[in-house]
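Shown here: query.cif, mmCIF, C-alpha atoms and all ligand atoms.
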data_coords
#
loop_
_atom_site.label_atom_id
_atom_site.label_comp_id
_atom_site.auth_asym_id
_atom_site.auth_seq_id
_atom_site.Cartn_x
_atom_site.Cartn_y
_atom_site.Cartn_z
CA MET A 268 30.37 27.39 -6.69
CA GLU A 269 27.83 26.06 -4.25
CA ILE A 270 24.15 26.83 -4.77
CA GLU A 271 21.54 26.39 -2.10
CA VAL A 272 18.59 24.32 -3.35
CA LEU A 273 16.59 23.14 -0.31
CA GLU A 274 14.01 21.32 -2.40
CA GLY A 275 12.43 18.04 -1.36
CA VAL A 276 12.55 15.24 -3.90
CA PHE A 277 8.89 14.48 -3.14
CA ASP A 278 7.82 18.14 -3.41
CA ALA A 279 6.57 17.73 -6.98
CA ASN A 280 4.37 14.80 -5.93
CA GLU A 281 3.12 16.72 -2.94
CA MET A 282 2.18 19.69 -5.10
CA ILE A 283 -0.02 17.46 -7.26
CA ALA A 284 -1.43 15.83 -4.12
CA GLY A 285 -2.44 19.33 -3.05
CA GLU A 286 -4.16 19.82 -6.39
CA ASN A 287 -6.05 16.54 -5.88
CA ARG A 288 -7.07 17.83 -2.48
CA ARG A 289 -8.54 20.97 -4.10
CA LEU A 290 -10.44 18.91 -6.70
CA LEU A 291 -11.91 16.75 -3.93
CA ASP A 292 -12.76 19.67 -1.68
CA GLU A 293 -14.52 21.53 -4.46
CA ALA A 294 -16.79 18.56 -5.06
CA GLY A 295 -17.10 17.64 -1.37
CA VAL A 296 -15.49 14.23 -1.79
CA TYR A 297 -13.66 12.21 0.88
CA MET A 298 -10.76 10.02 -0.28
CA ILE A 299 -9.05 7.11 1.43
CA ASN A 300 -5.70 5.62 0.45
CA LEU A 301 -5.80 1.89 1.12
CA MET A 302 -2.41 0.23 1.44
CA ALA A 303 -1.30 -3.36 2.17
CA SER A 304 0.76 -6.27 0.91
CA PRO A 305 -0.51 -8.22 -2.09
CA GLY A 306 -3.23 -10.59 -0.95
CA ALA A 307 -3.90 -8.94 2.43
CA GLY A 308 -7.48 -8.28 1.35
CA LYS A 309 -7.61 -4.77 -0.13
CA THR A 310 -10.10 -5.63 -2.85
CA SER A 311 -12.15 -7.75 -0.42
CA VAL A 312 -12.32 -4.91 2.11
CA ILE A 313 -13.34 -2.50 -0.64
CA MET A 314 -16.15 -4.81 -1.80
CA ARG A 315 -17.36 -5.23 1.79
CA THR A 316 -17.12 -1.49 2.45
CA LEU A 317 -19.11 -0.63 -0.67
CA GLU A 318 -21.81 -3.04 0.52
CA GLY A 319 -21.75 -1.52 3.98
CA ILE A 320 -22.05 2.11 2.91
CA GLN A 321 -24.81 1.44 0.39
CA GLY A 322 -27.74 3.76 1.03
CA HIS A 323 -25.52 6.09 3.07
CA LEU A 324 -22.79 7.21 0.70
CA SER A 325 -22.07 6.91 -2.99
CA GLY A 326 -18.65 5.36 -3.53
CA ALA A 327 -16.17 5.15 -6.38
CA VAL A 328 -12.93 3.20 -6.61
CA ILE A 329 -9.50 3.85 -8.10
CA GLU A 330 -7.54 0.64 -8.57
CA GLY A 331 -3.77 0.71 -8.76
CA ASP A 332 -2.05 -2.40 -9.99
CA VAL A 333 1.21 -3.12 -11.73
CA ALA A 334 -0.78 -4.70 -14.58
CA GLY A 335 -4.24 -6.00 -15.42
CA LYS A 336 -7.73 -4.81 -14.60
CA VAL A 337 -9.15 -7.79 -12.69
CA ASP A 338 -9.84 -5.76 -9.55
CA SER A 339 -11.55 -2.83 -11.28
CA GLU A 340 -13.71 -5.22 -13.33
CA GLN A 341 -14.75 -7.01 -10.15
CA ILE A 342 -15.83 -3.70 -8.66
CA ALA A 343 -17.44 -2.31 -11.81
CA ALA A 344 -19.55 -5.51 -11.95
CA THR A 345 -21.33 -4.31 -8.79
CA GLY A 346 -22.30 -1.07 -10.54
CA VAL A 347 -19.82 1.12 -8.64
CA PRO A 348 -17.69 3.43 -10.81
CA ALA A 349 -14.13 2.08 -10.96
CA VAL A 350 -11.06 3.42 -12.72
CA GLN A 351 -8.00 1.24 -13.25
CA ILE A 352 -4.48 2.63 -13.14
CA ASN A 353 -1.68 0.37 -14.35
CA THR A 354 1.61 1.53 -12.95
CA GLY A 355 3.59 -0.62 -15.39
CA GLY A 356 6.12 -1.95 -12.91
CA SER A 357 6.09 0.89 -10.41
CA CYS A 358 5.52 -0.27 -6.85
CA HIS A 359 3.25 2.55 -5.65
CA LEU A 360 0.73 5.09 -6.87
CA GLU A 361 1.72 8.71 -7.30
CA ALA A 362 -0.48 11.79 -7.02
CA ARG A 363 -0.19 12.42 -10.76
CA GLN A 364 -1.81 9.07 -11.60
CA VAL A 365 -4.60 9.61 -9.10
CA ASN A 366 -5.16 13.07 -10.57
CA GLY A 367 -5.80 11.51 -13.99
CA ALA A 368 -8.17 8.96 -12.46
CA LEU A 369 -10.10 11.57 -10.45
CA LYS A 370 -10.76 13.48 -13.66
CA ARG A 371 -12.40 10.37 -15.12
CA LEU A 372 -14.86 10.09 -12.21
CA ASP A 373 -18.04 12.07 -11.76
CA LEU A 374 -16.99 13.69 -8.50
CA GLU A 375 -20.18 15.70 -8.14
CA GLU A 376 -22.07 12.43 -7.81
CA THR A 377 -19.53 10.90 -5.39
CA ASP A 378 -19.12 11.08 -1.61
CA LEU A 379 -16.23 8.68 -1.14
CA VAL A 380 -13.32 7.62 -3.34
CA ILE A 381 -11.41 4.55 -2.22
CA VAL A 382 -7.95 4.19 -3.74
CA GLU A 383 -6.53 0.66 -3.75
CA ASN A 384 -2.79 1.27 -3.78
CA VAL A 385 -0.31 -1.17 -5.31
CA GLY A 386 0.31 -4.21 -3.09
CA ASN A 387 3.42 -3.21 -1.15
CA LEU A 388 4.22 -2.33 2.46
CA VAL A 389 7.10 0.01 1.71
CA CYS A 390 6.76 2.59 -1.01
CA PRO A 391 3.12 3.71 -0.92
CA ALA A 392 3.75 5.19 2.54
CA GLU A 393 6.12 7.71 0.97
CA PHE A 394 3.75 9.18 -1.62
CA LYS A 395 0.88 11.43 -0.61
CA LEU A 396 -2.08 11.25 -2.95
CA GLY A 397 -4.21 14.02 -1.47
CA GLU A 398 -6.20 11.59 0.67
CA ASP A 399 -8.17 12.41 3.82
CA LEU A 400 -7.35 9.11 5.47
CA LYS A 401 -4.50 6.60 5.18
CA VAL A 402 -5.75 3.10 5.86
CA MET A 403 -3.58 0.02 5.93
CA ILE A 404 -4.55 -3.61 6.09
CA LEU A 405 -2.53 -6.35 7.74
CA SER A 406 -3.82 -9.89 7.33
CA VAL A 407 -3.20 -12.27 10.19
CA ALA A 408 -1.44 -14.67 7.83
CA GLU A 409 1.37 -12.12 7.51
CA GLY A 410 2.22 -12.32 11.21
CA HIS A 411 2.15 -9.86 14.09
CA ASP A 412 5.82 -8.94 13.74
CA LYS A 413 5.33 -6.89 10.55
CA PRO A 414 5.19 -3.41 12.16
CA LEU A 415 8.85 -3.49 13.14
CA LYS A 416 9.85 -4.68 9.69
CA TYR A 417 7.82 -2.06 7.83
CA PRO A 418 7.67 0.75 10.39
CA LEU A 419 6.98 3.69 8.12
CA MET A 420 3.60 2.51 6.89
CA PHE A 421 2.47 1.45 10.35
CA SER A 422 3.51 4.77 11.81
CA GLU A 423 1.93 6.87 9.04
CA SER A 424 -1.48 5.19 8.82
CA ASP A 425 -4.55 6.68 10.47
CA VAL A 426 -6.34 3.36 10.51
CA LEU A 427 -5.11 -0.22 10.74
CA ILE A 428 -7.50 -2.93 9.63
CA VAL A 429 -6.44 -6.38 10.78
CA ASN A 430 -8.09 -8.69 8.25
CA LYS A 431 -8.70 -12.45 8.06
CA THR A 432 -9.38 -12.79 11.79
CA ASP A 433 -11.24 -16.02 10.90
CA LEU A 434 -7.78 -17.55 10.35
CA ILE A 435 -6.43 -16.71 13.82
CA PRO A 436 -7.13 -20.21 15.24
CA HIS A 437 -4.88 -21.66 12.52
CA THR A 438 -1.92 -19.36 13.18
CA ASP A 439 0.25 -18.16 16.07
CA PHE A 440 -0.92 -14.61 15.45
CA ASP A 441 -0.78 -12.56 18.68
CA MET A 442 -3.26 -9.66 18.54
CA VAL A 443 -2.22 -8.25 21.92
CA ALA A 444 1.43 -8.10 20.88
CA LEU A 445 0.48 -6.48 17.57
CA GLU A 446 -1.60 -3.76 19.19
CA LYS A 447 1.07 -3.07 21.77
CA THR A 448 3.75 -2.59 19.10
CA VAL A 449 1.57 -0.51 16.80
CA LEU A 450 0.27 1.81 19.51
CA LYS A 451 3.84 2.66 20.53
CA MET A 452 4.70 3.53 16.95
CA ASN A 453 1.47 5.32 16.29
CA PRO A 454 -0.57 6.19 19.38
CA GLY A 455 -3.35 7.83 17.38
CA VAL A 456 -4.04 4.88 15.10
CA VAL A 457 -7.54 3.37 15.12
CA VAL A 458 -7.57 -0.43 14.89
CA PHE A 459 -10.37 -2.57 13.43
CA LYS A 460 -10.32 -6.36 13.52
CA VAL A 461 -12.29 -7.79 10.66
CA SER A 462 -12.93 -10.85 8.56
CA CYS A 463 -14.11 -10.35 5.01
CA ARG A 464 -14.93 -14.06 5.03
CA THR A 465 -17.35 -14.05 8.01
CA GLY A 466 -18.17 -10.32 8.06
CA GLU A 467 -16.98 -9.98 11.66
CA GLY A 468 -15.98 -6.45 12.66
CA LEU A 469 -16.90 -4.86 9.35
CA GLN A 470 -19.86 -2.99 10.71
CA GLU A 471 -17.67 -1.05 13.16
CA TRP A 472 -15.35 -0.09 10.32
CA ASN A 473 -18.19 0.94 8.04
CA SER A 474 -19.88 3.09 10.71
CA PHE A 475 -16.56 4.74 11.52
CA LEU A 476 -16.03 5.55 7.85
CA VAL A 477 -19.53 6.88 7.25
CA LYS A 478 -19.14 9.13 10.27
CA LYS A 479 -15.74 10.40 9.07
CA VAL A 480 -17.15 11.28 5.66
CA ARG A 481 -20.20 13.03 7.12
CA ASP A 482 -18.09 14.95 9.65
CA ALA A 483 -15.80 16.12 6.85
CA LYS A 484 -18.76 17.29 4.77
CA GLN A 485 -20.20 19.14 7.73
CA ALA A 486 -16.89 20.79 8.55
CA ALA A 487 -16.60 21.91 4.92
CA ALA A 488 -20.14 23.28 4.93
CA CYS A 489 -19.43 25.35 8.05
CA SER A 490 -16.18 26.87 6.82
CA MET B 11 12.13 -0.36 -4.35
CA HIS B 12 11.10 2.83 -6.11
CA GLU B 13 14.50 4.45 -6.35
CA LEU B 14 14.54 4.73 -10.14
CA GLY B 15 11.61 7.16 -10.07
CA VAL B 16 12.92 8.87 -6.97
CA THR B 17 16.37 9.31 -8.52
CA GLU B 18 14.74 10.77 -11.65
CA SER B 19 12.89 13.29 -9.49
CA MET B 20 16.11 14.14 -7.66
CA LEU B 21 17.95 14.63 -10.96
CA ASP B 22 15.11 16.86 -12.23
CA VAL B 23 15.52 19.11 -9.20
CA VAL B 24 19.31 19.25 -9.69
CA LEU B 25 19.16 19.98 -13.42
CA ARG B 26 16.49 22.65 -12.99
CA HIS B 27 18.56 24.52 -10.43
CA ALA B 28 21.74 24.03 -12.46
CA ALA B 29 20.08 25.47 -15.59
CA ARG B 30 18.71 28.42 -13.66
CA ASN B 31 22.26 29.21 -12.60
CA ARG B 32 23.66 28.68 -16.10
CA ALA B 33 25.90 25.84 -14.92
CA THR B 34 27.97 23.89 -17.40
CA GLY B 35 28.55 21.06 -14.99
CA VAL B 36 27.45 19.72 -11.60
CA THR B 37 30.32 18.37 -9.52
CA ARG B 38 28.62 17.54 -6.26
CA ILE B 39 25.08 17.01 -5.02
CA ASN B 40 24.47 17.44 -1.30
CA LEU B 41 21.45 15.45 -0.17
CA VAL B 42 19.67 15.17 3.16
CA LEU B 43 18.14 11.76 3.83
CA GLY B 44 16.08 11.02 6.92
CA ASP B 45 16.65 7.73 8.69
CA SER B 46 13.00 6.81 8.40
CA SER B 47 12.81 7.43 4.66
CA THR B 48 12.29 4.26 2.62
CA VAL B 49 14.82 5.54 0.08
CA MET B 50 18.01 3.46 -0.07
CA GLU B 51 21.22 5.40 -0.54
CA GLU B 52 22.91 2.62 -2.48
CA SER B 53 20.05 2.33 -4.95
CA VAL B 54 20.05 6.07 -5.58
CA ARG B 55 23.80 5.90 -6.33
CA PHE B 56 23.22 2.96 -8.63
CA TYR B 57 20.47 4.65 -10.66
CA PHE B 58 22.23 8.01 -10.68
CA ASP B 59 25.21 6.47 -12.45
CA ILE B 60 22.86 5.30 -15.19
CA ILE B 61 20.43 8.17 -15.63
CA GLY B 62 22.95 10.93 -14.92
CA LYS B 63 24.91 9.91 -18.02
CA ASP B 64 24.87 12.48 -20.82
CA THR B 65 23.56 15.18 -18.51
CA ILE B 66 25.65 17.99 -17.05
CA ALA B 67 25.44 16.14 -13.73
CA GLN B 68 27.25 13.09 -15.06
CA GLY B 69 29.91 11.95 -12.60
CA ALA B 70 28.75 14.31 -9.83
CA GLU B 71 29.64 13.16 -6.35
CA LEU B 72 26.58 12.28 -4.25
CA ASN B 73 26.97 13.32 -0.66
CA PHE B 74 24.33 12.05 1.75
CA ARG B 75 23.83 13.71 5.11
CA ARG B 76 21.76 11.35 7.27
CA VAL B 77 19.24 12.83 9.69
CA PRO B 78 17.97 10.83 12.66
CA LEU B 79 14.28 10.33 13.34
CA LYS B 80 13.36 12.91 15.97
CA ALA B 81 10.10 13.86 17.60
CA LYS B 82 8.88 16.63 19.84
CA CYS B 83 6.35 16.38 22.65
CA PRO B 84 3.84 19.24 22.56
CA GLU B 85 2.92 18.57 26.19
CA CYS B 86 6.31 18.97 27.87
CA GLY B 87 8.43 20.33 25.02
CA GLU B 88 10.90 17.45 25.08
CA GLU B 89 12.74 16.75 21.82
CA PHE B 90 14.07 13.23 21.50
CA GLN B 91 15.54 10.73 19.08
CA VAL B 92 13.03 8.00 18.28
CA VAL B 93 14.43 4.54 18.94
CA GLU B 94 12.76 1.55 17.28
CA TYR B 95 9.79 3.66 16.31
CA ASP B 96 8.68 4.15 19.89
CA PHE B 97 7.14 7.62 19.81
CA THR B 98 6.34 7.73 23.54
CA CYS B 99 7.81 10.88 25.11
CA PRO B 100 10.73 9.91 27.39
CA GLY B 101 10.05 13.07 29.43
CA CYS B 102 6.37 12.69 30.38
CA ARG B 103 5.28 9.41 28.71
CA GLY B 104 2.96 11.50 26.54
CA THR B 105 1.88 9.94 23.26
CA LYS B 106 0.92 12.97 21.16
CA THR B 107 4.47 13.52 19.95
CA GLU B 108 5.15 14.88 16.46
CA ILE B 109 7.94 14.05 14.03
CA ILE B 110 10.32 16.96 13.54
CA SER B 111 12.96 15.27 11.38
CA GLY B 112 13.89 11.96 9.83
CA ARG B 113 11.32 11.73 7.03
CA GLU B 114 13.01 13.99 4.49
CA PHE B 115 14.78 13.40 1.21
CA GLN B 116 15.97 16.78 0.08
CA VAL B 117 18.47 18.32 -2.32
CA GLU B 118 20.21 20.68 0.06
CA SER B 119 22.69 22.25 -2.35
CA ILE B 120 24.66 21.59 -5.51
CA GLU B 121 28.17 22.50 -6.52
CA ILE B 122 28.39 23.69 -10.10
CA SER B 123 31.03 24.71 -12.56
N1 LIG A 501 -9.89 -16.52 5.07
C1 LIG A 501 -10.00 -15.28 4.62
N2 LIG A 501 -9.61 -14.99 3.36
C2 LIG A 501 -9.74 -13.71 2.91
C3 LIG A 501 -10.25 -12.69 3.74
N3 LIG A 501 -10.23 -11.54 3.04
C4 LIG A 501 -9.73 -11.84 1.82
N4 LIG A 501 -9.43 -13.15 1.73
C5 LIG A 501 -8.88 -13.87 0.59
O1 LIG A 501 -7.54 -13.42 0.38
C6 LIG A 501 -7.23 -13.40 -1.01
C7 LIG A 501 -6.69 -12.04 -1.44
O2 LIG A 501 -7.71 -11.07 -1.25
P1 LIG A 501 -7.77 -9.73 -2.11
O3 LIG A 501 -8.91 -8.95 -1.57
O4 LIG A 501 -7.74 -10.01 -3.55
O5 LIG A 501 -6.38 -9.07 -1.67
P2 LIG A 501 -5.59 -7.82 -2.29
O6 LIG A 501 -4.50 -8.38 -3.14
O7 LIG A 501 -5.00 -7.12 -1.10
O8 LIG A 501 -6.55 -6.96 -3.04
C8 LIG A 501 -8.50 -13.80 -1.73
O9 LIG A 501 -8.42 -15.16 -2.05
C9 LIG A 501 -9.59 -13.53 -0.72
O10 LIG A 501 -10.71 -14.37 -0.89
C10 LIG A 501 -10.65 -13.03 5.08
O11 LIG A 501 -11.10 -12.21 5.89
N5 LIG A 501 -10.50 -14.33 5.46
MG MG A 502 -6.57 -6.25 -5.05
ZN ZN A 503 6.33 14.94 27.00
#

Represent the structure from my file as structure tokens, please.
Amino acid sequence: MEIEVLEGVFDANEMIAGENRRLLDEAGVYMINLMASPGAGKTSVIMRTLEGIQGHLSGAVIEGDVAGKVDSEQIAATGVPAVQINTGGSCHLEARQVNGALKRLDLEETDLVIVENVGNLVCPAEFKLGEDLKVMILSVAEGHDKPLKYPLMFSESDVLIVNKTDLIPHTDFDMVALEKTVLKMNPGVVVFKVSCRTGEGLQEWNSFLVKKVRDAKQAAACS
Amino acid sequence: MHELGVTESMLDVVLRHAARNRATGVTRINLVLGDSSTVMEESVRFYFDIIGKDTIAQGAELNFRRVPLKAKCPECGEEFQVVEYDFTCPGCRGTKTEIISGREFQVESIEIS
């Protein structure tokens, strides 16, 4: 006998992502899901962003790593609340883990939660966390041909941060080719070119983010 | 890369629906997998053989129906198959196209005994 099921395998994750969304909305918190390969500069961008939003927004960080708590300790040392999630071998964060981490943060005192996803260009794109904004980082050292090799993440992200632009003179990285490819895959994507080493381009990114968070708060207040 | 967890979730869905229908065995699982999903068919088969053991779904045949990545243009209404992730509308060159299929991984139906 055949039984109709019609249930998505990711439905359970998406239900919890929806619950995260409700938690965040109740407290008026904006959340970004930051995804990239290991070493692309996720932690560096987070540190720079926290500096940049200081005085404008109060931030908190959720760190996802396979093991260890180096990144969360680095962030906590600056006085910003940071929660570490160890996925124990899993290659991406799931909504359930973020739900546990959100409950350990004082959301009433927070405007912005930045989630550093596990270093990986494949799987994190598949799992919604309840975020407002999907942000991915590509470092120039990885090459401009990555979008066609990892299309899902490039096509799903709202923002692409191209990091380590200070290294461009030492590589054959082609920014024009990258933008051309990415805009075909994802015409709505907003691109920022930054260097966490020199600070170049970070101000544009920080202003964009502060505006996004404020707009979201205002929209919530009006509804 | 994450197919162990994904296969566990898939098996959960199957076993829940099987139990609800008082099945004693699951002989076939019909799955829909979008072409742009990161899930690898072969890995799902591999893990299913392992984690399906000692459940009523042990030995069930996995049948994958692949779905192409398709988008629709809200400006001119064109529906088209997306080639090499180029989402530009072939009808009007519009860029605000929306995905209508190709992202899913769904349990469509199960055959039970
Ligand atoms: N040259 C250069 N190095 C950077 C830049 N951003 C980060 N790095 C370095 O890249 C390495 C990995 O950075 P990290 O933020 O830990 O990457 P994550 O693994 O994605 O969190 C570190 O050694 C950083 O100092 C940059 O803009 N330019
Ligand atoms: Mg890091
Ligand atoms: Zn069109």

Distance limit 6 Å, reference ligand ZN 503 (chain A), atoms considered: all atoms listed in the file. Which residues make the cut? Give them as an MDAnalysis selection string. chainID B and resid 83 85:86 88 99 101:104

Taking C-alpha atoms for each residue, export the selection above as a CSV table (one decimal), in the coordinates of the input.
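out07.csv, written as the output of this step:
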chain,number,residue,atom,x,y,z
B,83,CYS,CA,6.4,16.4,22.6
B,85,GLU,CA,2.9,18.6,26.2
B,86,CYS,CA,6.3,19.0,27.9
B,88,GLU,CA,10.9,17.4,25.1
B,99,CYS,CA,7.8,10.9,25.1
B,101,GLY,CA,10.0,13.1,29.4
B,102,CYS,CA,6.4,12.7,30.4
B,103,ARG,CA,5.3,9.4,28.7
B,104,GLY,CA,3.0,11.5,26.5

A straight line from atom CA of Lys82 of chain B to atom CA of Gly112 of chain B spans 12.1 Å

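Within 9 Å of the file-frame point (1.0, 4.3, 18.9), and using all atoms listed in the file, the polymer residues found are Ser422, Glu446, Lys447, Thr448, Val449, Leu450, Lys451, Met452, Asn453, Pro454, Gly455 and Val456 of chain A; Asp96, Phe97, Thr98, Thr105 and Lys106 of chain B.
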
Next on the checklist: Using only C-alpha atoms and all ligand atoms, which residues have at least one atom no more than 6 Å from ligand LIG 501 (chain A)? Output them as a VMD selection string.
Outcome noted: chain A and resid 305 to 311 430 to 431 433 to 434 462 to 464

If the cut-off is 6 Å, can you tell me the residues of chain A near chain B, counting all atoms listed in the file? I'd like them as number ranges by chain. A: 268-276, 451-452, 454

Excluding segment 400-417 of chain A and any residue of its chain fewer than 2 positions from it, enumerate the residues within 6 Å of it, using all atoms listed in the file, and give them as a VMD selection string. chain A and resid 299 to 303 307 398 419 421 424 to 431 440 445

What residues have any atom no more than 12 Å from ligand MG 502 (chain A) when counting only C-alpha atoms and all ligand atoms, and can you list them as an MDAnalysis selection string? chainID A and resid 301:314 328:342 351 382:387 404

Computed gap from atom CA of Gly468 of chain A to atom CA of Thr316 of chain A is 11.4 Å
